[in-house]
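First comes the structure, then the notes that go with it.
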Amino acid sequence: MITPPLTDEGAVPVGPASMKAHRLRRLVGFTIGLGLFGAAVWVIARGGADFRSALDAARHAPWWLGAAVVVLPLVNWLLVGTSFWVLQNRYGSVGWREMLALIASAWLLNYLPLRPGMFGRLAYHKHVNQIRYADSARVLVYSVSLTGVSIGLLLVIAILVRFGGAWGWVWCVPAPIVMGAAAIALRPHGPLWWRLATSALLKYLDMMVWIWRYAAAFALIGSPLDFQTALFVAAVSQAAFLIPLAGNGLGIREWGVRAASAVQIGLLADVVNRAAEVTVSLPLGLVGTAWAARRMARLRAERGILARPTPEQAASGGPDPESGR
């Protein structure tokens, strides 16, 4: 997948100086994030008895906890891909499986400096789906905004859970009902609003999956979380994705989870989650990247054949005006 120029019809052109500064910031951010992740691994390795106790707990944990840690990232991928599919189809025709392949590719490639996965996906939409960079950027703004709303909801619910006792989890139920009802009610009133409501619902469900991912990861290493703490940890974890340092919140997320959980073992829990993500994203991302690259190459070849003059055109020195070619 290729990296597009950051300009488009209706968009603000980005000059060479701005592009260079942008790339420098990304590289610095990647370096900082990688350093933070390395520091987290170093702290874990020096954890001594706590680290050995966590490993022993993981060895004796029920099999389904380990399975949940690995399988739940797949659910995140499906929800995030569907959310982008709903929003992106406002501006062009993108298949659902096509979007899942692109999200898988971006998921893996965004671990690299300069977030090539994100920019590569925008380039794909431009050249294959005929969606302007400006419109794809608008979708990104919508998606980030809805993520922010979902994080805010998690924090509000985490506060309300304190007053709900054993039934505190019930506070998670009204939001998806309202969002689903809004998506249905707004369908007749234009293509944008119902898409935003549907995407908001999918983002919220994605956050719920993150709660269970952290609950499973902490339980796996012998430090189970109460529901309120799991909510806070998930909210902080998702906020880390919005910080423009290393791709996929690398480094920032691990230390954010450590702070939100208020235990040192929180570093290990998120490294476990990170390992599960890489285990899932590596094969999915490789397949998605190969599929997208092959489709772009095939489309480029088809367009080259269409642009090539026919023998009759070559003989006459130009297109045939009667045939309209």
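Residues in the structure tokens are numbered from 1 in each chain, the chains being A, B, ... in the order shown, and ligands are numbered from 1 in the order shown.
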Neighbour list for A:Ile177 as number ranges by chain, cut-off 12 Å, only C-alpha atoms, skip fewer than 5 positions in-chain: A: 171-172, 182-184, 197-198, 200-202, 204-205
Residues within 10 Å of A:Leu65, only C-alpha atoms, excluding chain neighbours under 3 positions, as JSON, numbers by chain: {"A": [58, 61, 62, 68, 69, 70, 71, 213, 215, 216, 217, 218, 219, 220, 221]}
Backbone-only DSSP, alpha helix (DSSP H) members of stretch 27-225 of chain A, as an MDAnalysis selection string: chainID A and resid 27:45 49:60 63:88 96:109 116:127 133:161 174:186 193:220
Residues of stretch 203-243 of chain A within 12 Å of stretch 21-40 of chain A: nearest atom pair and distance (Å, one decimal) for each, counting only C-alpha atoms, sorted by chain and number, as JSON lines?
```
{"residue": "A:Ala240", "atom": "CA", "partner": "A:Gly33", "partner_atom": "CA", "distance": 10.7}
{"residue": "A:Phe241", "atom": "CA", "partner": "A:Gly33", "partner_atom": "CA", "distance": 11.5}
{"residue": "A:Ile243", "atom": "CA", "partner": "A:Gly29", "partner_atom": "CA", "distance": 9.3}
```
